[in-house]
$ cat protein.pdb   # PDB, C-alpha atoms
ATOM      1  CA  MET A   1      24.087 -20.032   9.123
ATOM      2  CA  ASN A   2      21.216 -21.227   6.967
ATOM      3  CA  ASN A   3      19.804 -19.442   3.920
ATOM      4  CA  LYS A   4      16.885 -18.033   5.883
ATOM      5  CA  ASN A   5      19.144 -16.102   8.196
ATOM      6  CA  SER A   6      21.466 -14.951   5.448
ATOM      7  CA  PHE A   7      18.548 -13.486   3.484
ATOM      8  CA  MET A   8      17.330 -11.698   6.603
ATOM      9  CA  LEU A   9      20.797 -10.383   7.378
ATOM     10  CA  ARG A  10      20.872  -8.861   3.875
ATOM     11  CA  ALA A  11      17.499  -7.158   4.557
ATOM     12  CA  ILE A  12      18.907  -5.844   7.848
ATOM     13  CA  GLU A  13      22.058  -4.629   6.100
ATOM     14  CA  LEU A  14      19.824  -2.666   3.697
ATOM     15  CA  SER A  15      17.895  -1.180   6.657
ATOM     16  CA  ILE A  16      21.128   0.060   8.254
ATOM     17  CA  LYS A  17      22.465   1.464   4.969
ATOM     18  CA  SER A  18      19.085   3.176   4.496
ATOM     19  CA  VAL A  19      19.643   5.281   7.618
ATOM     20  CA  ASP A  20      23.000   6.402   6.193
ATOM     21  CA  SER A  21      21.384   7.354   2.869
ATOM     22  CA  ASN A  22      18.590   9.382   4.521
ATOM     23  CA  GLY A  23      15.866   6.775   4.221
ATOM     24  CA  GLY A  24      13.820   5.306   7.053
ATOM     25  CA  PRO A  25      15.444   2.340   8.897
ATOM     26  CA  PHE A  26      13.819  -0.413   6.863
ATOM     27  CA  GLY A  27      15.135  -2.956   4.347
ATOM     28  CA  CYS A  28      13.670  -5.892   2.457
ATOM     29  CA  VAL A  29      14.565  -8.664   0.031
ATOM     30  CA  ILE A  30      12.345 -10.994  -2.001
ATOM     31  CA  VAL A  31      13.544 -14.536  -2.664
ATOM     32  CA  LYS A  32      12.427 -16.990  -5.328
ATOM     33  CA  ASN A  33      14.045 -20.387  -5.973
ATOM     34  CA  LYS A  34      16.579 -19.629  -3.202
ATOM     35  CA  LYS A  35      17.810 -16.503  -5.000
ATOM     36  CA  ILE A  36      17.245 -12.828  -4.180
ATOM     37  CA  ILE A  37      15.196 -11.388  -7.063
ATOM     38  CA  ALA A  38      14.649  -7.902  -5.588
ATOM     39  CA  GLU A  39      15.835  -5.609  -2.819
ATOM     40  CA  GLY A  40      14.375  -2.452  -1.355
ATOM     41  CA  ASN A  41      14.871   0.133   1.328
ATOM     42  CA  ASN A  42      12.670   2.923   2.617
ATOM     43  CA  GLN A  43      12.821   5.919   0.255
ATOM     44  CA  VAL A  44       9.824   7.980   1.431
ATOM     45  CA  THR A  45      11.684  11.211   2.087
ATOM     46  CA  SER A  46      14.377  10.837  -0.576
ATOM     47  CA  LEU A  47      11.801  10.233  -3.364
ATOM     48  CA  ASN A  48       8.948  12.287  -1.850
ATOM     49  CA  ASP A  49       6.823   9.162  -2.111
ATOM     50  CA  PRO A  50       4.865   8.060   0.976
ATOM     51  CA  THR A  51       4.319   4.645  -0.638
ATOM     52  CA  ALA A  52       8.058   3.981  -1.067
ATOM     53  CA  HIS A  53       8.390   1.636   1.899
ATOM     54  CA  ALA A  54      11.082  -1.045   1.619
ATOM     55  CA  GLU A  55       8.516  -3.779   0.915
ATOM     56  CA  ILE A  56       6.655  -1.827  -1.793
ATOM     57  CA  VAL A  57       9.952  -0.905  -3.474
ATOM     58  CA  ALA A  58      11.004  -4.578  -3.422
ATOM     59  CA  ILE A  59       7.627  -5.866  -4.680
ATOM     60  CA  ARG A  60       7.668  -3.457  -7.620
ATOM     61  CA  GLU A  61      11.236  -4.460  -8.459
ATOM     62  CA  ALA A  62      10.484  -8.194  -8.113
ATOM     63  CA  CYS A  63       7.450  -7.948 -10.421
ATOM     64  CA  ASN A  64       9.509  -5.993 -12.887
ATOM     65  CA  SER A  65      12.316  -8.568 -12.771
ATOM     66  CA  ILE A  66      10.026 -11.542 -13.465
ATOM     67  CA  ASN A  67       7.626  -9.547 -15.687
ATOM     68  CA  ASN A  68       4.560 -10.628 -13.743
ATOM     69  CA  PHE A  69       2.231  -8.987 -11.201
ATOM     70  CA  ASN A  70       1.954 -12.265  -9.284
ATOM     71  CA  LEU A  71       4.837 -13.287  -6.980
ATOM     72  CA  LYS A  72       3.494 -16.742  -6.055
ATOM     73  CA  GLY A  73       6.403 -18.959  -5.065
ATOM     74  CA  SER A  74       8.329 -16.059  -3.499
ATOM     75  CA  GLU A  75       9.189 -15.283   0.115
ATOM     76  CA  MET A  76       9.776 -11.879   1.668
ATOM     77  CA  TYR A  77      12.470 -11.090   4.234
ATOM     78  CA  THR A  78      11.814  -7.691   5.791
ATOM     79  CA  SER A  79      13.730  -6.044   8.617
ATOM     80  CA  CYS A  80      10.440  -5.035  10.293
ATOM     81  CA  GLU A  81       6.909  -6.421  10.475
ATOM     82  CA  PRO A  82       5.154  -4.877   7.445
ATOM     83  CA  CYS A  83       2.819  -1.917   7.974
ATOM     84  CA  PRO A  84      -0.772  -2.499   6.802
ATOM     85  CA  MET A  85      -0.046  -0.854   3.430
ATOM     86  CA  CYS A  86       2.828  -3.249   2.788
ATOM     87  CA  LEU A  87       1.066  -6.278   4.257
ATOM     88  CA  SER A  88      -1.889  -5.656   1.950
ATOM     89  CA  ALA A  89       0.483  -5.274  -0.999
ATOM     90  CA  ILE A  90       1.999  -8.649  -0.045
ATOM     91  CA  TYR A  91      -1.491 -10.194  -0.235
ATOM     92  CA  TRP A  92      -2.172  -8.558  -3.598
ATOM     93  CA  ALA A  93       1.221  -9.865  -4.819
ATOM     94  CA  HIS A  94       0.473 -13.412  -3.537
ATOM     95  CA  ILE A  95       3.800 -13.830  -1.753
ATOM     96  CA  ASP A  96       3.980 -17.212   0.046
ATOM     97  CA  LYS A  97       5.623 -16.349   3.368
ATOM     98  CA  ILE A  98       6.932 -13.387   5.345
ATOM     99  CA  TYR A  99       9.995 -13.382   7.612
ATOM    100  CA  PHE A 100      10.393 -10.230   9.716
ATOM    101  CA  GLY A 101      12.898  -8.874  12.270
ATOM    102  CA  ASN A 102      11.498  -5.973  14.317
ATOM    103  CA  THR A 103       7.814  -5.805  15.289
ATOM    104  CA  ARG A 104       5.222  -3.062  14.797
ATOM    105  CA  VAL A 105       5.665  -2.212  18.484
ATOM    106  CA  ASP A 106       9.406  -1.715  17.957
ATOM    107  CA  ALA A 107       8.495   0.596  15.025
ATOM    108  CA  ALA A 108       6.025   2.564  17.147
ATOM    109  CA  ASN A 109       8.727   2.995  19.798
ATOM    110  CA  ILE A 110      10.892   4.939  17.353
ATOM    111  CA  GLY A 111       8.028   7.062  16.022
ATOM    112  CA  PHE A 112       6.591   5.082  13.096
ATOM    113  CA  ASP A 113       2.817   4.996  12.977
ATOM    114  CA  ASP A 114       2.155   1.442  11.763
ATOM    115  CA  ASN A 115       0.308   0.388  14.884
ATOM    116  CA  HIS A 116      -1.975   3.443  14.736
ATOM    117  CA  ILE A 117      -2.955   2.602  11.144
ATOM    118  CA  TYR A 118      -3.626  -1.053  12.058
ATOM    119  CA  LYS A 119      -6.064   0.231  14.691
ATOM    120  CA  GLU A 120      -7.749   2.664  12.286
ATOM    121  CA  LEU A 121      -8.364  -0.055   9.695
ATOM    122  CA  LYS A 122     -10.321  -2.113  12.203
ATOM    123  CA  LYS A 123     -12.772   0.720  12.862
ATOM    124  CA  GLN A 124     -16.100   1.328  11.185
ATOM    125  CA  LEU A 125     -15.796   3.977   8.467
ATOM    126  CA  SER A 126     -17.696   6.551  10.522
ATOM    127  CA  LEU A 127     -15.291   6.257  13.480
ATOM    128  CA  ARG A 128     -12.032   6.745  11.594
ATOM    129  CA  ALA A 129      -9.650   9.690  12.057
ATOM    130  CA  ILE A 130      -9.838  10.433   8.319
ATOM    131  CA  PRO A 131     -13.511  11.041   7.415
ATOM    132  CA  MET A 132     -14.989   8.917   4.623
ATOM    133  CA  GLN A 133     -18.148   9.769   2.710
ATOM    134  CA  GLN A 134     -19.952   7.834  -0.029
ATOM    135  CA  ILE A 135     -21.244   9.916  -2.943
ATOM    136  CA  ASN A 136     -22.431   9.259  -6.521
ATOM    137  CA  LYS A 137     -22.842   5.525  -6.000
ATOM    138  CA  ASN A 138     -25.334   5.223  -8.873
ATOM    139  CA  GLU A 139     -22.750   6.582 -11.291
ATOM    140  CA  ALA A 140     -19.786   4.718  -9.760
ATOM    141  CA  ILE A 141     -21.302   1.285 -10.242
ATOM    142  CA  LYS A 142     -21.274   1.753 -14.033
ATOM    143  CA  ALA A 143     -17.548   0.912 -14.254
ATOM    144  CA  PHE A 144     -18.158  -2.324 -12.359
ATOM    145  CA  GLU A 145     -21.052  -3.232 -14.679
ATOM    146  CA  LYS A 146     -18.801  -2.574 -17.663
ATOM    147  CA  TRP A 147     -16.069  -4.773 -16.102
ATOM    148  CA  GLU A 148     -18.542  -7.608 -15.570
ATOM    149  CA  LEU A 149     -19.603  -7.495 -19.209
ATOM    150  CA  LYS A 150     -16.035  -7.331 -20.600
ATOM    151  CA  SER A 151     -15.196 -10.667 -22.201
ATOM    152  CA  ASP A 152     -11.394 -10.278 -22.463
ATOM    153  CA  LYS A 153     -10.665  -8.860 -19.006
ATOM    154  CA  LYS A 154      -7.345  -9.667 -17.320
ATOM    155  CA  GLU A 155      -8.125 -10.601 -13.713
ATOM    156  CA  TYR A 156      -5.656 -10.572 -10.828
TER     157      TYR A 156
ATOM    158  CA  MET B   1     -23.782  20.211  -9.531
ATOM    159  CA  ASN B   2     -21.303  21.174  -6.811
ATOM    160  CA  ASN B   3     -17.517  20.721  -6.954
ATOM    161  CA  LYS B   4     -17.642  17.594  -4.825
ATOM    162  CA  ASN B   5     -19.768  15.744  -7.340
ATOM    163  CA  SER B   6     -17.830  17.011 -10.336
ATOM    164  CA  PHE B   7     -14.552  15.744  -8.845
ATOM    165  CA  MET B   8     -16.154  12.357  -8.188
ATOM    166  CA  LEU B   9     -17.597  12.198 -11.681
ATOM    167  CA  ARG B  10     -14.071  12.708 -13.028
ATOM    168  CA  ALA B  11     -12.817   9.808 -10.851
ATOM    169  CA  ILE B  12     -15.673   7.681 -12.190
ATOM    170  CA  GLU B  13     -14.870   8.706 -15.774
ATOM    171  CA  LEU B  14     -11.290   7.490 -15.178
ATOM    172  CA  SER B  15     -12.604   4.193 -13.773
ATOM    173  CA  ILE B  16     -14.689   3.589 -16.902
ATOM    174  CA  LYS B  17     -11.842   4.553 -19.251
ATOM    175  CA  SER B  18      -9.593   2.201 -17.259
ATOM    176  CA  VAL B  19     -11.715  -0.796 -18.274
ATOM    177  CA  ASP B  20     -11.287   0.237 -21.929
ATOM    178  CA  SER B  21      -7.506   0.504 -21.512
ATOM    179  CA  ASN B  22      -7.192  -2.927 -19.852
ATOM    180  CA  GLY B  23      -6.897  -1.690 -16.273
ATOM    181  CA  GLY B  24      -9.118  -2.647 -13.360
ATOM    182  CA  PRO B  25     -12.363  -0.597 -13.038
ATOM    183  CA  PHE B  26     -11.026   1.987 -10.600
ATOM    184  CA  GLY B  27     -10.267   5.714 -10.902
ATOM    185  CA  CYS B  28      -9.180   8.435  -8.500
ATOM    186  CA  VAL B  29      -8.413  12.158  -8.312
ATOM    187  CA  ILE B  30      -6.708  14.177  -5.582
ATOM    188  CA  VAL B  31      -7.858  17.752  -5.004
ATOM    189  CA  LYS B  32      -6.040  20.606  -3.252
ATOM    190  CA  ASN B  33      -7.307  24.190  -3.084
ATOM    191  CA  LYS B  34     -10.318  23.181  -5.202
ATOM    192  CA  LYS B  35      -8.106  21.990  -8.059
ATOM    193  CA  ILE B  36      -7.264  18.474  -9.238
ATOM    194  CA  ILE B  37      -3.524  17.984  -8.619
ATOM    195  CA  ALA B  38      -3.331  14.302  -9.614
ATOM    196  CA  GLU B  39      -5.318  11.572 -11.326
ATOM    197  CA  GLY B  40      -4.907   7.812 -11.364
ATOM    198  CA  ASN B  41      -6.453   4.638 -12.648
ATOM    199  CA  ASN B  42      -5.765   0.997 -11.912
ATOM    200  CA  GLN B  43      -2.704  -0.198 -13.861
ATOM    201  CA  VAL B  44      -1.891  -3.481 -12.111
ATOM    202  CA  THR B  45      -1.965  -5.703 -15.175
ATOM    203  CA  SER B  46      -0.761  -3.127 -17.722
ATOM    204  CA  LEU B  47       2.331  -2.227 -15.641
ATOM    205  CA  ASN B  48       2.813  -5.638 -13.965
ATOM    206  CA  ASP B  49       2.675  -3.790 -10.647
ATOM    207  CA  PRO B  50       0.320  -5.135  -7.951
ATOM    208  CA  THR B  51       0.668  -1.829  -6.076
ATOM    209  CA  ALA B  52      -0.550   0.273  -9.026
ATOM    210  CA  HIS B  53      -4.067   0.801  -7.723
ATOM    211  CA  ALA B  54      -5.760   4.056  -8.782
ATOM    212  CA  GLU B  55      -5.227   5.654  -5.345
ATOM    213  CA  ILE B  56      -1.524   4.738  -5.107
ATOM    214  CA  VAL B  57      -0.918   5.998  -8.654
ATOM    215  CA  ALA B  58      -2.682   9.282  -7.769
ATOM    216  CA  ILE B  59      -0.851   9.693  -4.428
ATOM    217  CA  ARG B  60       2.533   9.231  -6.089
ATOM    218  CA  GLU B  61       1.610  11.731  -8.803
ATOM    219  CA  ALA B  62       0.240  14.256  -6.284
ATOM    220  CA  CYS B  63       3.395  14.091  -4.152
ATOM    221  CA  ASN B  64       5.477  14.486  -7.252
ATOM    222  CA  SER B  65       3.443  17.489  -8.394
ATOM    223  CA  ILE B  66       3.787  19.363  -5.076
ATOM    224  CA  ASN B  67       7.273  17.983  -4.350
ATOM    225  CA  ASN B  68       6.309  16.790  -0.877
ATOM    226  CA  PHE B  69       5.583  13.405   0.715
ATOM    227  CA  ASN B  70       2.839  14.986   2.860
ATOM    228  CA  LEU B  71      -0.546  15.705   1.221
ATOM    229  CA  LYS B  72      -2.107  17.522   4.183
ATOM    230  CA  GLY B  73      -4.812  19.864   2.920
ATOM    231  CA  SER B  74      -5.811  17.487   0.099
ATOM    232  CA  GLU B  75      -8.942  15.423  -0.444
ATOM    233  CA  MET B  76      -9.259  12.172  -2.369
ATOM    234  CA  TYR B  77     -12.152  11.260  -4.666
ATOM    235  CA  THR B  78     -12.022   7.579  -5.514
ATOM    236  CA  SER B  79     -14.543   5.573  -7.537
ATOM    237  CA  CYS B  80     -14.429   2.772  -4.929
ATOM    238  CA  GLU B  81     -13.810   2.522  -1.191
ATOM    239  CA  PRO B  82     -10.025   2.124  -0.903
ATOM    240  CA  CYS B  83      -8.572  -1.328  -0.257
ATOM    241  CA  PRO B  84      -6.476  -1.600   2.946
ATOM    242  CA  MET B  85      -3.248  -1.005   0.990
ATOM    243  CA  CYS B  86      -4.590   2.252  -0.417
ATOM    244  CA  LEU B  87      -6.319   3.304   2.797
ATOM    245  CA  SER B  88      -3.051   2.861   4.679
ATOM    246  CA  ALA B  89      -1.226   4.852   1.998
ATOM    247  CA  ILE B  90      -3.814   7.627   2.483
ATOM    248  CA  TYR B  91      -2.956   7.676   6.205
ATOM    249  CA  TRP B  92       0.777   7.770   5.473
ATOM    250  CA  ALA B  93       0.142  10.635   3.004
ATOM    251  CA  HIS B  94      -1.985  12.558   5.565
ATOM    252  CA  ILE B  95      -4.871  13.218   3.182
ATOM    253  CA  ASP B  96      -7.707  15.105   4.949
ATOM    254  CA  LYS B  97     -10.838  13.408   3.634
ATOM    255  CA  ILE B  98     -11.947  10.546   1.378
ATOM    256  CA  TYR B  99     -14.992  10.549  -0.903
ATOM    257  CA  PHE B 100     -15.799   7.181  -2.459
ATOM    258  CA  GLY B 101     -18.406   5.764  -4.872
ATOM    259  CA  ASN B 102     -18.615   1.957  -4.756
ATOM    260  CA  THR B 103     -18.066   0.006  -1.524
ATOM    261  CA  ARG B 104     -15.704  -2.866  -0.713
ATOM    262  CA  VAL B 105     -18.726  -5.184  -0.928
ATOM    263  CA  ASP B 106     -19.446  -3.963  -4.466
ATOM    264  CA  ALA B 107     -15.758  -4.702  -5.259
ATOM    265  CA  ALA B 108     -15.977  -8.211  -3.756
ATOM    266  CA  ASN B 109     -19.089  -8.859  -5.872
ATOM    267  CA  ILE B 110     -17.062  -8.442  -9.078
ATOM    268  CA  GLY B 111     -14.119 -10.517  -7.833
ATOM    269  CA  PHE B 112     -11.774  -8.032  -6.105
ATOM    270  CA  ASP B 113     -10.338  -9.256  -2.832
ATOM    271  CA  ASP B 114     -10.375  -6.082  -0.718
ATOM    272  CA  ASN B 115     -12.775  -7.436   1.864
ATOM    273  CA  HIS B 116     -10.724 -10.623   2.319
ATOM    274  CA  ILE B 117      -7.595  -8.564   3.003
ATOM    275  CA  TYR B 118      -9.462  -6.344   5.502
ATOM    276  CA  LYS B 119     -10.382  -9.533   7.379
ATOM    277  CA  GLU B 120      -6.813 -10.898   7.275
ATOM    278  CA  LEU B 121      -5.352  -7.691   8.730
ATOM    279  CA  LYS B 122      -7.562  -7.976  11.794
ATOM    280  CA  LYS B 123      -6.211 -11.440  12.618
ATOM    281  CA  GLN B 124      -3.344 -12.310  14.915
ATOM    282  CA  LEU B 125      -0.168 -12.999  12.951
ATOM    283  CA  SER B 126      -0.306 -16.735  13.662
ATOM    284  CA  LEU B 127      -3.828 -17.057  12.200
ATOM    285  CA  ARG B 128      -3.212 -15.356   8.859
ATOM    286  CA  ALA B 129      -3.395 -17.057   5.450
ATOM    287  CA  ILE B 130       0.163 -15.904   4.685
ATOM    288  CA  PRO B 131       2.484 -17.286   7.394
ATOM    289  CA  MET B 132       4.646 -14.762   9.271
ATOM    290  CA  GLN B 133       7.736 -15.646  11.270
ATOM    291  CA  GLN B 134      10.037 -13.443  13.339
ATOM    292  CA  ILE B 135      13.772 -14.150  12.991
ATOM    293  CA  ASN B 136      17.036 -12.308  13.774
ATOM    294  CA  LYS B 137      15.386  -9.740  16.032
ATOM    295  CA  ASN B 138      18.638  -9.004  17.871
ATOM    296  CA  GLU B 139      20.295  -7.969  14.613
ATOM    297  CA  ALA B 140      17.229  -6.170  13.204
ATOM    298  CA  ILE B 141      16.957  -3.753  16.116
ATOM    299  CA  LYS B 142      20.369  -2.250  15.269
ATOM    300  CA  ALA B 143      18.905  -0.136  12.437
ATOM    301  CA  PHE B 144      16.322   1.299  14.832
ATOM    302  CA  GLU B 145      19.032   2.103  17.387
ATOM    303  CA  LYS B 146      21.034   3.843  14.676
ATOM    304  CA  TRP B 147      17.912   5.816  13.629
ATOM    305  CA  GLU B 148      17.303   6.905  17.214
ATOM    306  CA  LEU B 149      20.864   8.220  17.515
ATOM    307  CA  LYS B 150      20.834  10.042  14.142
ATOM    308  CA  SER B 151      20.698  13.775  14.805
ATOM    309  CA  ASP B 152      19.691  14.982  11.318
ATOM    310  CA  LYS B 153      16.992  12.441  10.529
ATOM    311  CA  LYS B 154      14.050  13.457   8.344
ATOM    312  CA  GLU B 155      10.886  12.151  10.021
ATOM    313  CA  TYR B 156       7.542  11.624   8.325
TER     314      TYR B 156
END
$ encode --input "protein.pdb" --output "structure tokens"
Amino acid sequence: MNNKNSFMLRAIELSIKSVDSNGGPFGCVIVKNKKIIAEGNNQVTSLNDPTAHAEIVAIREACNSINNFNLKGSEMYTSCEPCPMCLSAIYWAHIDKIYFGNTRVDAANIGFDDNHIYKELKKQLSLRAIPMQQINKNEAIKAFEKWELKSDKKEY
Amino acid sequence: MNNKNSFMLRAIELSIKSVDSNGGPFGCVIVKNKKIIAEGNNQVTSLNDPTAHAEIVAIREACNSINNFNLKGSEMYTSCEPCPMCLSAIYWAHIDKIYFGNTRVDAANIGFDDNHIYKELKKQLSLRAIPMQQINKNEAIKAFEKWELKSDKKEY
């Protein structure tokens, strides 16, 4: 068994344990320099946190462990194809590669809405299930103007 | 000035303060029963957490304040159109409506990658900038089978 599979089997082990500990059936590890630097499992209902998907939990832990918001040079092993929230977080975190086990269709088959959200994101704002309305744009832009003028800003 | 605009002006105030406190220029409030139940601002670089966007911070605080992972009956006021991570989190949290100030194009104009990630999410897996590879699917499905058989599972 190569490293790749052993890392994934650890993510799968976490997904199975998660069911036992009243989380959703999802697990994840993040690997850097051939070592696991963070692990996560779904804790949405146990923490009352809809953002506590396995991948988000692992990303937050990985960033904490290396004291950096950028995970360049890391790979993610997740027991299921990431939902759009987690996939976007992976982009923001600059992870290099994603290995996944189950697909979004497998997730939909057991009642998880990932595929529905992927479809919503593709729609124009006016056609989405959750209505979106722009207001106060003249006031909102002021923060962006202030950001542009800031000389010591920390970009990411 | 109606409530809607006053809630948005508070989100904008948070976005401006965020620049002063070394966060990104984004602020957000969540409103339930005409009262603000949570506030957030971008804390990616101050917390070393790439998921700490204003909306995610506010969602986590709102869920904590009402002790529930479901924010049905709430509305979000965010100083900028949510990025796909935050928009997906809004779907997972079942927020009723989104008011926003700046657009994703405004965000791209000052160097924030939201629009790029929206484009990536629409692509087939094999065409994405971050490579994705399925492995160990026969093992991964076991957690989903276990979830299906669990009689006391807490769905969300």
$ resolve_selection --input "protein.pdb" --expression "the PyMOL selection byres ((chain B and resi 9-12) around 12)" --output "MDAnalysis selection string"
(chainID A and resid 135:144) or (chainID B and resid 1:8 13:19 25:31 36 38:42 54:55 58 76:80 99:102)
$ calpha_fit_and_write --input "protein.pdb" --fixed "chain B" --moving "chain A" --output "compact mmCIF listing (two decimals) with C-alpha atoms, in the frame of the given file"
# COMPACT_ATOMS: atom_id res chain seq x y z
CA MET A 1 -23.77 20.21 -9.55
CA ASN A 2 -21.32 21.17 -6.83
CA ASN A 3 -17.54 20.72 -6.96
CA LYS A 4 -17.67 17.59 -4.83
CA ASN A 5 -19.77 15.75 -7.35
CA SER A 6 -17.83 17.01 -10.34
CA PHE A 7 -14.56 15.74 -8.85
CA MET A 8 -16.16 12.36 -8.18
CA LEU A 9 -17.59 12.20 -11.68
CA ARG A 10 -14.06 12.72 -13.03
CA ALA A 11 -12.81 9.81 -10.85
CA ILE A 12 -15.67 7.67 -12.19
CA GLU A 13 -14.87 8.70 -15.76
CA LEU A 14 -11.29 7.50 -15.17
CA SER A 15 -12.60 4.18 -13.78
CA ILE A 16 -14.69 3.59 -16.91
CA LYS A 17 -11.84 4.55 -19.25
CA SER A 18 -9.59 2.20 -17.25
CA VAL A 19 -11.72 -0.79 -18.27
CA ASP A 20 -11.29 0.22 -21.93
CA SER A 21 -7.51 0.50 -21.52
CA ASN A 22 -7.19 -2.93 -19.84
CA GLY A 23 -6.89 -1.70 -16.28
CA GLY A 24 -9.12 -2.65 -13.37
CA PRO A 25 -12.37 -0.60 -13.03
CA PHE A 26 -11.03 1.99 -10.61
CA GLY A 27 -10.26 5.72 -10.90
CA CYS A 28 -9.17 8.44 -8.50
CA VAL A 29 -8.41 12.15 -8.30
CA ILE A 30 -6.71 14.19 -5.58
CA VAL A 31 -7.85 17.76 -4.99
CA LYS A 32 -6.05 20.60 -3.25
CA ASN A 33 -7.30 24.20 -3.09
CA LYS A 34 -10.32 23.17 -5.20
CA LYS A 35 -8.09 22.00 -8.06
CA ILE A 36 -7.26 18.48 -9.24
CA ILE A 37 -3.52 17.99 -8.62
CA ALA A 38 -3.33 14.31 -9.62
CA GLU A 39 -5.31 11.56 -11.32
CA GLY A 40 -4.90 7.81 -11.38
CA ASN A 41 -6.45 4.63 -12.64
CA ASN A 42 -5.76 0.99 -11.91
CA GLN A 43 -2.70 -0.19 -13.86
CA VAL A 44 -1.88 -3.49 -12.10
CA THR A 45 -1.95 -5.70 -15.17
CA SER A 46 -0.76 -3.13 -17.72
CA LEU A 47 2.34 -2.23 -15.65
CA ASN A 48 2.81 -5.63 -13.96
CA ASP A 49 2.67 -3.79 -10.65
CA PRO A 50 0.32 -5.12 -7.95
CA THR A 51 0.67 -1.82 -6.07
CA ALA A 52 -0.55 0.27 -9.03
CA HIS A 53 -4.06 0.81 -7.71
CA ALA A 54 -5.76 4.06 -8.77
CA GLU A 55 -5.22 5.64 -5.34
CA ILE A 56 -1.52 4.73 -5.11
CA VAL A 57 -0.93 6.01 -8.66
CA ALA A 58 -2.68 9.29 -7.76
CA ILE A 59 -0.85 9.70 -4.43
CA ARG A 60 2.54 9.23 -6.09
CA GLU A 61 1.61 11.73 -8.80
CA ALA A 62 0.23 14.26 -6.29
CA CYS A 63 3.40 14.09 -4.16
CA ASN A 64 5.48 14.48 -7.26
CA SER A 65 3.44 17.48 -8.40
CA ILE A 66 3.79 19.36 -5.10
CA ASN A 67 7.28 17.98 -4.35
CA ASN A 68 6.32 16.79 -0.89
CA PHE A 69 5.57 13.40 0.71
CA ASN A 70 2.84 14.98 2.84
CA LEU A 71 -0.55 15.71 1.22
CA LYS A 72 -2.11 17.52 4.20
CA GLY A 73 -4.82 19.86 2.93
CA SER A 74 -5.81 17.49 0.11
CA GLU A 75 -8.94 15.42 -0.45
CA MET A 76 -9.26 12.17 -2.37
CA TYR A 77 -12.15 11.27 -4.67
CA THR A 78 -12.02 7.58 -5.52
CA SER A 79 -14.54 5.59 -7.53
CA CYS A 80 -14.43 2.78 -4.93
CA GLU A 81 -13.82 2.51 -1.19
CA PRO A 82 -10.03 2.12 -0.90
CA CYS A 83 -8.57 -1.33 -0.25
CA PRO A 84 -6.48 -1.60 2.94
CA MET A 85 -3.24 -1.01 0.99
CA CYS A 86 -4.59 2.25 -0.42
CA LEU A 87 -6.32 3.31 2.80
CA SER A 88 -3.05 2.87 4.68
CA ALA A 89 -1.23 4.86 2.00
CA ILE A 90 -3.81 7.62 2.48
CA TYR A 91 -2.95 7.68 6.21
CA TRP A 92 0.78 7.77 5.47
CA ALA A 93 0.13 10.63 3.00
CA HIS A 94 -1.99 12.56 5.57
CA ILE A 95 -4.87 13.23 3.19
CA ASP A 96 -7.71 15.11 4.96
CA LYS A 97 -10.84 13.40 3.64
CA ILE A 98 -11.94 10.56 1.38
CA TYR A 99 -14.99 10.56 -0.90
CA PHE A 100 -15.80 7.17 -2.45
CA GLY A 101 -18.41 5.76 -4.87
CA ASN A 102 -18.62 1.95 -4.76
CA THR A 103 -18.06 0.01 -1.52
CA ARG A 104 -15.71 -2.87 -0.70
CA VAL A 105 -18.74 -5.18 -0.92
CA ASP A 106 -19.45 -3.96 -4.46
CA ALA A 107 -15.76 -4.71 -5.26
CA ALA A 108 -15.99 -8.20 -3.76
CA ASN A 109 -19.08 -8.85 -5.88
CA ILE A 110 -17.06 -8.42 -9.07
CA GLY A 111 -14.11 -10.50 -7.85
CA PHE A 112 -11.80 -8.02 -6.10
CA ASP A 113 -10.37 -9.26 -2.83
CA ASP A 114 -10.37 -6.09 -0.73
CA ASN A 115 -12.77 -7.44 1.86
CA HIS A 116 -10.72 -10.62 2.31
CA ILE A 117 -7.58 -8.56 3.01
CA TYR A 118 -9.45 -6.34 5.50
CA LYS A 119 -10.37 -9.52 7.39
CA GLU A 120 -6.81 -10.90 7.28
CA LEU A 121 -5.35 -7.70 8.73
CA LYS A 122 -7.54 -7.99 11.80
CA LYS A 123 -6.20 -11.45 12.63
CA GLN A 124 -3.34 -12.32 14.94
CA LEU A 125 -0.15 -13.00 12.96
CA SER A 126 -0.31 -16.73 13.66
CA LEU A 127 -3.82 -17.07 12.20
CA ARG A 128 -3.20 -15.36 8.87
CA ALA A 129 -3.39 -17.06 5.46
CA ILE A 130 0.16 -15.90 4.68
CA PRO A 131 2.48 -17.28 7.40
CA MET A 132 4.65 -14.76 9.27
CA GLN A 133 7.74 -15.66 11.27
CA GLN A 134 10.04 -13.44 13.34
CA ILE A 135 13.77 -14.14 12.99
CA ASN A 136 17.03 -12.31 13.77
CA LYS A 137 15.38 -9.74 16.02
CA ASN A 138 18.64 -9.01 17.86
CA GLU A 139 20.28 -7.98 14.61
CA ALA A 140 17.22 -6.17 13.20
CA ILE A 141 16.94 -3.75 16.10
CA LYS A 142 20.36 -2.27 15.26
CA ALA A 143 18.90 -0.14 12.43
CA PHE A 144 16.32 1.29 14.82
CA GLU A 145 19.03 2.09 17.39
CA LYS A 146 21.02 3.83 14.67
CA TRP A 147 17.90 5.81 13.64
CA GLU A 148 17.31 6.91 17.23
CA LEU A 149 20.86 8.21 17.52
CA LYS A 150 20.83 10.05 14.15
CA SER A 151 20.70 13.78 14.81
CA ASP A 152 19.69 14.98 11.31
CA LYS A 153 16.97 12.43 10.53
CA LYS A 154 14.04 13.45 8.33
CA GLU A 155 10.88 12.16 10.01
CA TYR A 156 7.52 11.63 8.32
$ resolve_selection --input "protein.pdb" --expression "the PyMOL selection byres ((chain A and resi 61) around 9)" --output "PyMOL selection string"
(chain A and resi 37-40+56-60+62-66) or (chain B and resi 49)
$ residues_near_point --input "protein.pdb" --point "(15.7, 10.2, 1.4)" --cutoff "8 Å" --atoms "all atoms listed in the file" --output "list in words"
Ser21, Asn22, Gly23, Gly24, Asn42, Gln43, Val44, Thr45, Ser46, Leu47 and Asn48 of chain A; Lys154 of chain B
